[in-house]
>>> print(open('protein_8.txt').read())   # compact mmCIF, C-alpha atoms
# COMPACT_ATOMS: atom_id res chain seq x y z
CA MET A 141 22.46 18.08 -18.90
CA LYS A 142 21.44 14.74 -20.45
CA SER A 143 17.79 13.88 -20.04
CA PHE A 144 16.55 10.29 -19.77
CA ARG A 145 17.85 8.41 -22.76
CA ILE A 146 15.32 6.79 -25.06
CA PRO A 147 17.10 4.75 -27.77
CA GLU A 148 17.27 6.50 -31.12
CA ALA A 149 15.75 3.44 -32.79
CA THR A 150 12.72 3.67 -30.50
CA ILE A 151 12.13 7.30 -31.44
CA THR A 152 12.49 6.46 -35.12
CA ARG A 153 9.93 3.69 -34.77
CA LEU A 154 7.64 5.99 -32.78
CA SER A 155 7.76 8.30 -35.77
CA PHE A 156 6.63 5.41 -38.01
CA TYR A 157 3.89 4.33 -35.55
CA SER A 158 2.60 7.86 -35.47
CA ARG A 159 2.42 8.04 -39.30
CA PHE A 160 0.58 4.72 -39.39
CA LEU A 161 -1.91 5.93 -36.75
CA VAL A 162 -2.54 9.11 -38.74
CA ARG A 163 -3.41 6.96 -41.77
CA LEU A 164 -5.74 4.74 -39.69
CA ASP A 165 -7.43 7.78 -38.18
CA ARG A 166 -8.01 9.29 -41.65
CA ARG A 167 -9.74 6.06 -42.62
CA GLY A 168 -12.00 6.34 -39.55
CA ILE A 169 -10.55 3.35 -37.70
CA VAL A 170 -11.16 3.58 -33.94
CA THR A 171 -9.08 0.83 -32.31
CA VAL A 172 -5.93 -1.00 -33.28
CA SER A 173 -3.90 -3.87 -31.76
CA SER A 174 -0.13 -3.90 -31.28
CA GLY A 175 -0.12 -6.72 -33.86
CA GLU A 176 -1.77 -4.49 -36.44
CA ILE A 177 0.60 -1.61 -35.74
CA ALA A 178 3.51 -4.05 -35.96
CA GLU A 179 2.35 -5.36 -39.32
CA GLY A 180 1.67 -1.86 -40.60
CA VAL A 181 5.21 -0.67 -39.95
CA GLY A 182 7.12 -3.96 -40.31
CA VAL A 183 8.30 -4.74 -36.77
CA SER A 184 7.29 -7.35 -34.16
CA PRO A 185 4.26 -6.82 -31.86
CA ALA A 186 6.59 -7.24 -28.84
CA GLN A 187 8.71 -4.38 -30.20
CA VAL A 188 5.67 -2.10 -30.46
CA ARG A 189 4.65 -2.86 -26.85
CA LYS A 190 8.20 -2.40 -25.60
CA ASP A 191 8.63 0.92 -27.43
CA LEU A 192 5.33 2.33 -26.16
CA ALA A 193 6.13 1.16 -22.62
CA TYR A 194 8.91 3.75 -22.46
CA PHE A 195 6.27 6.43 -22.41
CA GLY A 196 3.59 5.00 -20.13
CA GLU A 197 0.61 2.66 -20.06
CA PHE A 198 -1.45 2.51 -23.22
CA GLY A 199 -4.22 0.31 -24.48
CA THR A 200 -6.62 -2.16 -22.91
CA ARG A 201 -5.89 -5.89 -22.84
CA GLY A 202 -8.10 -7.67 -25.38
CA ILE A 203 -9.30 -4.43 -26.98
CA GLY A 204 -6.12 -2.71 -28.10
CA TYR A 205 -5.33 0.95 -28.45
CA ASN A 206 -7.65 3.83 -29.19
CA VAL A 207 -6.28 5.15 -32.51
CA LYS A 208 -7.00 8.83 -31.89
CA ASP A 209 -5.61 8.80 -28.34
CA LEU A 210 -2.44 6.95 -29.29
CA MET A 211 -1.97 9.12 -32.37
CA HIS A 212 -2.24 12.30 -30.31
CA TYR A 213 0.02 10.84 -27.67
CA THR A 214 2.75 9.82 -30.12
CA MET A 215 2.57 13.24 -31.78
CA LYS A 216 2.90 14.86 -28.35
CA ILE A 217 5.93 12.72 -27.45
CA LEU A 218 7.57 13.72 -30.74
CA ASN A 219 6.72 17.33 -29.95
CA LEU A 220 4.64 17.56 -33.12
CA ASN A 221 1.54 19.05 -31.52
CA GLN A 222 2.95 22.33 -32.78
CA SER A 223 4.41 23.34 -36.09
CA TRP A 224 8.17 23.87 -36.44
CA PRO A 225 9.57 26.72 -38.48
CA LEU A 226 12.82 25.76 -40.21
CA ALA A 227 15.71 27.76 -41.65
CA LEU A 228 17.17 26.24 -44.81
CA ALA A 229 20.68 27.07 -45.99
CA GLY A 230 21.24 26.17 -49.64
CA ALA A 231 18.92 26.84 -52.57
CA GLY A 232 20.50 24.38 -55.02
CA ASN A 233 18.80 21.25 -56.31
CA LEU A 234 18.44 19.63 -52.88
CA GLY A 235 17.33 22.86 -51.17
CA THR A 236 14.76 23.53 -53.89
CA PHE A 237 13.45 19.99 -53.49
CA LEU A 238 13.18 20.38 -49.70
CA CYS A 239 11.11 23.56 -50.10
CA THR A 240 8.49 21.51 -51.92
CA TYR A 241 8.82 18.36 -49.79
CA ARG A 242 5.36 17.25 -48.77
CA ASN A 243 6.52 14.95 -45.96
CA PHE A 244 7.90 17.96 -44.08
CA ARG A 245 4.71 19.97 -44.32
CA ASP A 246 2.50 16.98 -43.47
CA ARG A 247 4.32 16.67 -40.15
CA GLY A 248 4.28 20.38 -39.34
CA PHE A 249 7.79 21.30 -40.51
CA ILE A 250 7.54 24.61 -42.32
CA ILE A 251 10.54 26.07 -44.12
CA THR A 252 10.27 29.72 -43.17
CA GLY A 253 13.43 31.10 -44.68
CA VAL A 254 15.77 29.86 -47.45
CA PHE A 255 19.25 31.33 -47.75
CA ASP A 256 22.14 31.15 -50.18
CA ASN A 257 25.22 33.20 -50.97
CA ASP A 258 25.04 32.51 -54.72
CA LEU A 259 24.03 35.74 -56.44
CA THR A 260 22.28 33.82 -59.24
CA LYS A 261 20.01 32.19 -56.63
CA ILE A 262 19.26 35.14 -54.35
CA GLY A 263 15.86 36.61 -55.19
CA LYS A 264 14.67 33.42 -56.91
CA LYS A 265 11.16 32.28 -55.94
CA ILE A 266 10.69 28.69 -54.71
CA GLU A 267 7.02 28.06 -54.03
CA ASP A 268 6.05 31.03 -51.86
CA LEU A 269 9.57 31.63 -50.55
CA THR A 270 12.20 34.00 -51.90
CA VAL A 271 15.85 33.01 -51.60
CA GLN A 272 17.57 35.49 -49.27
CA PRO A 273 21.26 36.30 -48.87
CA LEU A 274 23.01 34.10 -46.31
CA GLU A 275 24.00 37.21 -44.35
CA ASP A 276 20.31 37.83 -43.61
CA MET A 277 19.93 34.39 -42.01
CA PRO A 278 20.89 35.33 -38.42
CA GLY A 279 18.33 38.16 -38.34
CA VAL A 280 15.51 35.98 -39.68
CA ILE A 281 16.35 33.11 -37.30
CA LYS A 282 16.28 35.43 -34.29
CA GLN A 283 13.22 37.36 -35.37
CA SER A 284 11.16 34.24 -36.19
CA GLY A 285 12.41 32.26 -33.18
CA ILE A 286 13.58 29.41 -35.41
CA ASN A 287 15.24 26.54 -33.49
CA VAL A 288 15.90 24.05 -36.28
CA GLY A 289 18.15 24.44 -39.32
CA LEU A 290 18.58 22.41 -42.50
CA VAL A 291 21.99 22.41 -44.16
CA ALA A 292 21.83 21.72 -47.90
CA VAL A 293 24.96 23.52 -49.06
CA PRO A 294 28.06 22.05 -50.76
CA SER A 295 30.38 20.14 -48.40
CA ARG A 296 33.05 22.85 -48.41
CA ALA A 297 30.58 25.40 -47.02
CA ALA A 298 28.82 23.15 -44.50
CA GLN A 299 30.80 23.87 -41.33
CA GLU A 300 30.73 27.63 -41.90
CA VAL A 301 26.95 27.56 -42.35
CA VAL A 302 26.53 25.35 -39.26
CA ASP A 303 28.60 27.80 -37.20
CA LEU A 304 26.53 30.73 -38.46
CA MET A 305 23.29 28.92 -37.60
CA ILE A 306 24.48 28.15 -34.07
CA LYS A 307 25.61 31.73 -33.53
CA SER A 308 22.12 32.79 -34.61
CA GLY A 309 20.45 30.60 -31.98
CA ILE A 310 19.69 27.36 -33.84
CA LYS A 311 19.45 24.43 -31.40
CA ALA A 312 19.11 21.47 -33.78
CA ILE A 313 20.58 20.85 -37.22
CA LEU A 314 19.81 18.35 -39.94
CA ASN A 315 22.89 18.16 -42.16
CA PHE A 316 22.52 16.86 -45.72
CA ALA A 317 26.08 17.70 -46.79
CA SER A 318 28.39 14.74 -47.51
CA VAL A 319 30.80 15.82 -44.79
CA ALA A 320 31.02 15.55 -41.02
CA VAL A 321 30.36 18.82 -39.22
CA SER A 322 30.83 19.55 -35.55
CA VAL A 323 28.52 21.33 -33.13
CA PRO A 324 29.05 22.43 -29.54
CA ASP A 325 27.47 20.62 -26.57
CA GLY A 326 23.80 21.40 -26.27
CA VAL A 327 23.17 21.58 -30.01
CA LYS A 328 21.56 18.50 -31.56
CA LEU A 329 22.87 17.27 -34.88
CA ARG A 330 21.80 14.59 -37.31
CA ASN A 331 23.47 13.80 -40.59
CA VAL A 332 21.35 12.52 -43.44
CA ASP A 333 23.28 10.01 -45.51
CA MET A 334 21.09 8.51 -48.19
CA SER A 335 23.65 5.84 -49.01
CA VAL A 336 22.93 4.11 -45.67
CA ALA A 337 19.44 3.22 -46.88
CA LEU A 338 20.93 1.88 -50.12
CA GLU A 339 23.33 -0.32 -48.17
CA VAL A 340 20.50 -1.97 -46.27
CA LEU A 341 19.05 -2.84 -49.69
CA THR A 342 22.29 -4.22 -51.11
CA PHE A 343 22.77 -6.27 -47.93
CA ARG A 344 19.29 -7.74 -48.36
CA LEU A 345 19.95 -8.47 -52.04
CA ALA A 346 23.19 -10.22 -51.11
CA SER A 347 21.59 -12.38 -48.40
CA ARG A 348 18.80 -13.31 -50.81
CA LYS A 349 21.33 -14.50 -53.36
CA ALA A 350 23.24 -16.40 -50.62
CA ALA A 351 20.00 -18.10 -49.53
CA ARG A 352 19.35 -19.21 -53.11
CA GLY A 353 22.91 -20.42 -53.40
CA ASN A 354 23.98 -18.32 -56.37
CA MET B 214 12.53 -17.70 -49.29
CA LYS B 215 13.52 -15.60 -46.29
CA SER B 216 17.19 -15.79 -45.42
CA PHE B 217 18.49 -15.49 -41.86
CA ARG B 218 17.14 -12.30 -40.42
CA ILE B 219 19.62 -9.72 -39.20
CA PRO B 220 17.81 -6.76 -37.60
CA GLU B 221 17.58 -3.72 -39.84
CA ALA B 222 19.10 -1.56 -37.09
CA THR B 223 22.16 -3.84 -37.00
CA ILE B 224 22.73 -3.46 -40.73
CA THR B 225 22.31 0.31 -40.48
CA ARG B 226 24.89 0.42 -37.69
CA LEU B 227 27.19 -1.87 -39.68
CA SER B 228 27.03 0.71 -42.44
CA PHE B 229 28.14 3.40 -39.93
CA TYR B 230 30.90 1.17 -38.49
CA SER B 231 32.20 0.56 -41.98
CA ARG B 232 32.33 4.32 -42.76
CA PHE B 233 34.16 4.95 -39.50
CA LEU B 234 36.68 2.19 -40.31
CA VAL B 235 37.28 3.67 -43.78
CA ARG B 236 38.11 7.00 -42.12
CA LEU B 237 40.48 5.33 -39.61
CA ASP B 238 42.18 3.39 -42.39
CA ARG B 239 42.71 6.58 -44.41
CA ARG B 240 44.42 8.07 -41.39
CA GLY B 241 46.73 5.03 -41.22
CA ILE B 242 45.33 3.65 -37.95
CA VAL B 243 45.98 -0.09 -37.61
CA THR B 244 43.95 -1.30 -34.61
CA VAL B 245 40.77 -0.08 -32.95
CA SER B 246 38.80 -1.15 -29.87
CA SER B 247 35.04 -1.68 -29.72
CA GLY B 248 35.00 1.29 -27.35
CA GLU B 249 36.60 3.53 -29.96
CA ILE B 250 34.23 2.34 -32.68
CA ALA B 251 31.34 2.90 -30.28
CA GLU B 252 32.43 6.44 -29.52
CA GLY B 253 33.07 7.17 -33.20
CA VAL B 254 29.54 6.30 -34.24
CA GLY B 255 27.66 7.14 -31.04
CA VAL B 256 26.51 3.75 -29.70
CA SER B 257 27.59 1.60 -26.72
CA PRO B 258 30.64 -0.71 -26.89
CA ALA B 259 28.36 -3.67 -26.00
CA GLN B 260 26.22 -2.80 -29.02
CA VAL B 261 29.25 -2.86 -31.33
CA ARG B 262 30.30 -6.29 -30.03
CA LYS B 263 26.76 -7.64 -30.27
CA ASP B 264 26.31 -6.37 -33.84
CA LEU B 265 29.62 -7.79 -35.04
CA ALA B 266 28.89 -11.13 -33.33
CA TYR B 267 26.09 -11.71 -35.85
CA PHE B 268 28.72 -12.17 -38.50
CA GLY B 269 31.43 -14.16 -36.74
CA GLU B 270 34.41 -13.82 -34.44
CA PHE B 271 36.46 -10.66 -34.79
CA GLY B 272 39.19 -9.01 -32.82
CA THR B 273 41.62 -10.13 -30.16
CA ARG B 274 40.91 -9.59 -26.46
CA GLY B 275 43.10 -6.79 -25.14
CA ILE B 276 44.27 -5.72 -28.60
CA GLY B 277 41.07 -4.94 -30.43
CA TYR B 278 40.25 -5.17 -34.10
CA ASN B 279 42.55 -4.85 -37.09
CA VAL B 280 41.12 -1.82 -38.91
CA LYS B 281 41.82 -2.99 -42.45
CA ASP B 282 40.49 -6.51 -41.86
CA LEU B 283 37.33 -5.34 -40.14
CA MET B 284 36.80 -2.64 -42.79
CA HIS B 285 37.07 -5.16 -45.61
CA TYR B 286 34.86 -7.57 -43.75
CA THR B 287 32.10 -5.03 -43.08
CA MET B 288 32.23 -3.94 -46.74
CA LYS B 289 31.94 -7.56 -47.79
CA ILE B 290 28.96 -8.17 -45.51
CA LEU B 291 27.25 -5.12 -47.00
CA ASN B 292 28.11 -6.44 -50.45
CA LEU B 293 30.12 -3.31 -51.20
CA ASN B 294 33.23 -5.09 -52.45
CA GLN B 295 31.77 -4.40 -55.89
CA SER B 296 30.23 -1.31 -57.41
CA TRP B 297 26.49 -1.10 -57.93
CA PRO B 298 25.02 0.47 -61.06
CA LEU B 299 21.76 2.28 -60.34
CA ALA B 300 18.84 3.36 -62.51
CA LEU B 301 17.34 6.69 -61.49
CA ALA B 302 13.81 7.69 -62.45
CA GLY B 303 13.20 11.42 -62.15
CA ALA B 304 15.48 14.25 -63.29
CA GLY B 305 13.89 17.02 -61.23
CA ASN B 306 15.60 18.82 -58.35
CA LEU B 307 16.03 15.69 -56.23
CA GLY B 308 17.14 13.51 -59.16
CA THR B 309 19.66 16.11 -60.28
CA PHE B 310 21.01 16.29 -56.73
CA LEU B 311 21.32 12.49 -56.52
CA CYS B 312 23.36 12.41 -59.76
CA THR B 313 25.98 14.55 -58.04
CA TYR B 314 25.70 12.94 -54.59
CA ARG B 315 29.19 12.15 -53.39
CA ASN B 316 28.09 9.73 -50.65
CA PHE B 317 26.71 7.39 -53.31
CA ARG B 318 29.88 7.34 -55.37
CA ASP B 319 32.12 7.01 -52.29
CA ARG B 320 30.36 3.76 -51.45
CA GLY B 321 30.37 2.37 -54.98
CA PHE B 322 26.84 3.34 -56.03
CA ILE B 323 27.02 4.60 -59.61
CA ILE B 324 23.99 6.11 -61.29
CA THR B 325 24.23 4.59 -64.75
CA GLY B 326 21.01 5.84 -66.31
CA VAL B 327 18.68 8.73 -65.51
CA PHE B 328 15.18 8.76 -66.96
CA ASP B 329 12.25 11.16 -67.13
CA ASN B 330 9.14 11.58 -69.23
CA ASP B 331 9.27 15.39 -69.15
CA LEU B 332 10.23 16.59 -72.63
CA THR B 333 11.94 19.66 -71.18
CA LYS B 334 14.29 17.38 -69.21
CA ILE B 335 15.05 14.67 -71.78
CA GLY B 336 18.42 15.30 -73.40
CA LYS B 337 19.62 17.51 -70.52
CA LYS B 338 23.15 16.78 -69.28
CA ILE B 339 23.68 16.15 -65.56
CA GLU B 340 27.37 15.63 -64.87
CA ASP B 341 28.35 13.01 -67.47
CA LEU B 342 24.83 11.58 -67.82
CA THR B 343 22.15 12.52 -70.34
CA VAL B 344 18.50 12.33 -69.27
CA GLN B 345 16.82 9.63 -71.32
CA PRO B 346 13.11 9.07 -72.01
CA LEU B 347 11.41 6.86 -69.42
CA GLU B 348 10.41 4.42 -72.16
CA ASP B 349 14.10 3.62 -72.71
CA MET B 350 14.55 2.62 -69.05
CA PRO B 351 13.63 -1.10 -69.42
CA GLY B 352 16.15 -1.59 -72.22
CA VAL B 353 18.97 0.11 -70.33
CA ILE B 354 18.21 -1.80 -67.10
CA LYS B 355 18.28 -5.14 -68.91
CA GLN B 356 21.32 -4.35 -71.04
CA SER B 357 23.38 -3.03 -68.11
CA GLY B 358 22.20 -5.69 -65.66
CA ILE B 359 21.02 -3.05 -63.18
CA ASN B 360 19.43 -4.50 -60.03
CA VAL B 361 18.75 -1.37 -58.00
CA GLY B 362 16.45 1.54 -58.83
CA LEU B 363 16.00 5.00 -57.32
CA VAL B 364 12.56 6.61 -57.55
CA ALA B 365 12.68 10.41 -57.46
CA VAL B 366 9.51 11.21 -59.39
CA PRO B 367 6.43 13.11 -58.15
CA SER B 368 4.14 11.07 -55.87
CA ARG B 369 1.45 10.61 -58.51
CA ALA B 370 3.90 8.86 -60.84
CA ALA B 371 5.72 6.76 -58.24
CA GLN B 372 3.76 3.48 -58.42
CA GLU B 373 3.81 3.45 -62.22
CA VAL B 374 7.58 3.94 -62.28
CA VAL B 375 8.07 1.25 -59.62
CA ASP B 376 5.99 -1.19 -61.69
CA LEU B 377 8.03 -0.41 -64.80
CA MET B 378 11.30 -0.93 -62.92
CA ILE B 379 10.17 -4.30 -61.60
CA LYS B 380 8.99 -5.41 -65.03
CA SER B 381 12.46 -4.48 -66.29
CA GLY B 382 14.19 -6.71 -63.73
CA ILE B 383 14.96 -4.35 -60.84
CA LYS B 384 15.24 -6.29 -57.55
CA ALA B 385 15.61 -3.46 -55.01
CA ILE B 386 14.08 0.01 -54.93
CA LEU B 387 14.84 3.10 -52.90
CA ASN B 388 11.73 5.29 -53.02
CA PHE B 389 12.06 9.01 -52.30
CA ALA B 390 8.48 9.90 -53.26
CA SER B 391 6.19 11.05 -50.42
CA VAL B 392 3.80 8.18 -51.04
CA ALA B 393 3.63 4.49 -50.15
CA VAL B 394 4.28 2.20 -53.12
CA SER B 395 3.85 -1.56 -53.25
CA VAL B 396 6.19 -4.18 -54.66
CA PRO B 397 5.70 -7.92 -55.18
CA ASP B 398 7.34 -10.56 -52.94
CA GLY B 399 11.00 -10.93 -53.71
CA VAL B 400 11.59 -7.25 -54.49
CA LYS B 401 13.20 -5.23 -51.69
CA LEU B 402 11.85 -1.77 -51.00
CA ARG B 403 12.91 1.07 -48.74
CA ASN B 404 11.21 4.42 -48.46
CA VAL B 405 13.30 7.46 -47.66
CA ASP B 406 11.37 9.88 -45.48
CA MET B 407 13.55 12.77 -44.46
CA SER B 408 11.01 13.99 -41.92
CA VAL B 409 11.79 10.99 -39.68
CA ALA B 410 15.27 12.34 -39.04
CA LEU B 411 13.77 15.74 -38.22
CA GLU B 412 11.41 14.15 -35.70
CA VAL B 413 14.28 12.55 -33.81
CA LEU B 414 15.71 16.07 -33.51
CA THR B 415 12.47 17.66 -32.32
CA PHE B 416 12.06 14.85 -29.79
CA ARG B 417 15.55 15.53 -28.45
CA LEU B 418 14.85 19.26 -28.30
CA ALA B 419 11.66 18.59 -26.38
CA SER B 420 13.31 16.29 -23.83
CA ARG B 421 16.10 18.81 -23.36
CA LYS B 422 13.55 21.50 -22.55
CA ALA B 423 11.72 19.11 -20.21
CA ALA B 424 14.99 18.31 -18.42
CA ARG B 425 15.64 22.02 -17.92
CA GLY B 426 12.07 22.48 -16.73
CA ASN B 427 10.94 25.06 -19.26
>>> encode(input="protein_8.txt", output="structure tokens")
Amino acid sequence: MKSFRIPEATITRLSFYSRFLVRLDRRGIVTVSSGEIAEGVGVSPAQVRKDLAYFGEFGTRGIGYNVKDLMHYTMKILNLNQSWPLALAGAGNLGTFLCTYRNFRDRGFIITGVFDNDLTKIGKKIEDLTVQPLEDMPGVIKQSGINVGLVAVPSRAAQEVVDLMIKSGIKAILNFASVAVSVPDGVKLRNVDMSVALEVLTFRLASRKAARGN
Amino acid sequence: MKSFRIPEATITRLSFYSRFLVRLDRRGIVTVSSGEIAEGVGVSPAQVRKDLAYFGEFGTRGIGYNVKDLMHYTMKILNLNQSWPLALAGAGNLGTFLCTYRNFRDRGFIITGVFDNDLTKIGKKIEDLTVQPLEDMPGVIKQSGINVGLVAVPSRAAQEVVDLMIKSGIKAILNFASVAVSVPDGVKLRNVDMSVALEVLTFRLASRKAARGN
């Protein structure tokens, strides 16, 4: 069942390379070196070359990469040459924020349905979406052929919502709840924990202080 | 100025190891092997050993690691053997969510002040915090000795808020706005882009389909 295994970190960096290439392309830049990509996203040039080598031969020695070609190619690898409809469970503060989140839309992720079981939230308009009852979620997921779900409900409700999504045909879940949820084999899961990013910062602050000797 | 450079991915994994160890410790488990840590967080045992080797010698061959010792040590490396007061700019949907975010509090990150310049938000209570005017932020940061800031304002206001935080003495910033901001040398910055996590999922979905040949 497992396909060839590209390291998670490589895919994450590919996502950053692709964003950087989009910005270069918008500015009309035609070619770029691995050194420039590396500097733009904060990794080493060798890392850029190694990451891209997973996916084939790119670039011309001494000239670099064609921005548009590499941009299209990275988007294709990430499967972003299409838009992705998303089902969102949870219309609280986080869910409402996600409905307006520009970074999703810029990359082709379109929240197509937002669901909650809180009667004070059902019927509420968020941008051009209307919050629907959670019990309508399976029907919408099936009808719209949605494969990806976002879980932005309170921790106590997370597993139940995940189970309902999977029963409805969801194949990949991004979980924002502060709790571990389980999914069966064949369903992809990622947990978003914003405190991880904070810990990288506090580590860096600590090593800075250590380097200064205070 | 630069201290010894541990790869970002290593620190991120260390943060996951440390969470896993906290869970083991709560369950009363005394020793753990690198294989068990690896399985718990989804990396290879060799990776666990390599990451921990950055920080010294741990564990006993054939016995494994003492959970409590390794937990305390990883927390110490991440500088989490203290709590961290945070200043939060932005009391919209995302800011309100962050004030209630359990993963922050569980790891010792305490939002100490929340600031906005929207008159309809100033004075509002979020949990036990009251939204304060943005102009009061510098005073609170200095008085409370806050080093870390969270930016959860609309994109157009992000750079201005970052500048104000830095002027007030903030040394590390976690930026949630969908826009690149710049900071001077010596200030640490991380941007949270939730679409990156989604792209890892869509990549995995795509390779799964490729492996099945449809």
>>> closest_atom_pairs(input="protein_8.txt", of="segment 220-326 of chain B", to="segment 300-319 of chain A", cutoff="12 Å", atoms="only C-alpha atoms", output="JSON lines")
{"residue": "B:Arg232", "atom": "CA", "partner": "A:Val319", "partner_atom": "CA", "distance": 11.8}
{"residue": "B:Arg236", "atom": "CA", "partner": "A:Val319", "partner_atom": "CA", "distance": 11.8}
{"residue": "B:Phe310", "atom": "CA", "partner": "A:Phe316", "partner_atom": "CA", "distance": 11.1}
{"residue": "B:Leu311", "atom": "CA", "partner": "A:Ser318", "partner_atom": "CA", "distance": 11.7}
{"residue": "B:Thr313", "atom": "CA", "partner": "A:Ser318", "partner_atom": "CA", "distance": 10.8}
{"residue": "B:Tyr314", "atom": "CA", "partner": "A:Ser318", "partner_atom": "CA", "distance": 7.8}
{"residue": "B:Arg315", "atom": "CA", "partner": "A:Ser318", "partner_atom": "CA", "distance": 6.5}
{"residue": "B:Asn316", "atom": "CA", "partner": "A:Ser318", "partner_atom": "CA", "distance": 5.9}
{"residue": "B:Phe317", "atom": "CA", "partner": "A:Ser318", "partner_atom": "CA", "distance": 9.5}
{"residue": "B:Arg318", "atom": "CA", "partner": "A:Ser318", "partner_atom": "CA", "distance": 10.9}
{"residue": "B:Asp319", "atom": "CA", "partner": "A:Ser318", "partner_atom": "CA", "distance": 9.8}
{"residue": "B:Arg320", "atom": "CA", "partner": "A:Ser318", "partner_atom": "CA", "distance": 11.8}
>>> write_last_selection(input="protein_8.txt", atoms="C-alpha atoms", output="CSV table (one decimal), in the coordinates of the input")
chain,number,residue,atom,x,y,z
B,232,ARG,CA,32.3,4.3,-42.8
B,236,ARG,CA,38.1,7.0,-42.1
B,310,PHE,CA,21.0,16.3,-56.7
B,311,LEU,CA,21.3,12.5,-56.5
B,313,THR,CA,26.0,14.6,-58.0
B,314,TYR,CA,25.7,12.9,-54.6
B,315,ARG,CA,29.2,12.2,-53.4
B,316,ASN,CA,28.1,9.7,-50.6
B,317,PHE,CA,26.7,7.4,-53.3
B,318,ARG,CA,29.9,7.3,-55.4
B,319,ASP,CA,32.1,7.0,-52.3
B,320,ARG,CA,30.4,3.8,-51.4
>>> residues_around(input="protein_8.txt", residues="segment 250-255 of chain A", least_positions_apart="6", cutoff="7 Å", atoms="only C-alpha atoms", output="NGL selection string")
:A and (224-231 or 239 or 244 or 271-274 or 277)
>>> atom_distance(input="protein_8.txt", atom1="atom CA of Leu290 of chain A", atom2="atom CA of Met334 of chain A")
15.2 Å
>>> atom_distance(input="protein_8.txt", atom1="atom CA of Asp264 of chain B", atom2="atom CA of Leu291 of chain B")
13.3 Å
>>> residues_around(input="protein_8.txt", residues="Met284 of chain B", least_positions_apart="3", cutoff="7 Å", atoms="all atoms listed in the file", output="PyMOL selection string")
chain B and resi 231+234-235+280-281+287-288
>>> closest_residue(input="protein_8.txt", among="B:Ile335, B:Val366, B:Ala222, B:Ile250", to="chain A", atoms="only C-alpha atoms")
B:Ala222
>>> build_atoms(input="protein_8.txt", residues="segment 417-421 of chain B", atoms="all heavy atoms", output="compact mmCIF listing (two decimals), in the frame of the given file")
# COMPACT_ATOMS: atom_id res chain seq x y z
N ARG B 417 14.40 15.23 -29.32
CA ARG B 417 15.55 15.53 -28.45
C ARG B 417 15.46 16.96 -27.91
O ARG B 417 15.80 17.21 -26.76
CB ARG B 417 16.86 15.36 -29.22
CG ARG B 417 17.16 13.94 -29.65
CD ARG B 417 17.75 13.12 -28.51
NE ARG B 417 18.01 11.76 -28.93
CZ ARG B 417 17.71 10.67 -28.20
NH1 ARG B 417 17.14 10.78 -27.02
NH2 ARG B 417 17.98 9.47 -28.66
N LEU B 418 15.02 17.88 -28.76
CA LEU B 418 14.85 19.26 -28.30
C LEU B 418 13.82 19.32 -27.18
O LEU B 418 14.01 20.01 -26.18
CB LEU B 418 14.36 20.15 -29.44
CG LEU B 418 15.40 20.76 -30.37
CD1 LEU B 418 14.72 21.69 -31.36
CD2 LEU B 418 16.46 21.53 -29.58
N ALA B 419 12.74 18.57 -27.37
CA ALA B 419 11.66 18.59 -26.38
C ALA B 419 12.14 18.00 -25.06
O ALA B 419 11.88 18.57 -24.00
CB ALA B 419 10.47 17.80 -26.90
N SER B 420 12.90 16.89 -25.11
CA SER B 420 13.31 16.29 -23.83
C SER B 420 14.35 17.17 -23.15
O SER B 420 14.42 17.22 -21.93
CB SER B 420 13.78 14.84 -23.99
OG SER B 420 14.30 14.57 -25.25
N ARG B 421 15.14 17.89 -23.96
CA ARG B 421 16.10 18.81 -23.36
C ARG B 421 15.37 19.91 -22.59
O ARG B 421 15.72 20.24 -21.46
CB ARG B 421 16.95 19.44 -24.46
CG ARG B 421 18.23 20.05 -23.96
CD ARG B 421 18.94 20.76 -25.08
NE ARG B 421 18.08 21.82 -25.60
CZ ARG B 421 18.54 22.98 -26.04
NH1 ARG B 421 19.83 23.20 -26.07
NH2 ARG B 421 17.73 23.89 -26.50
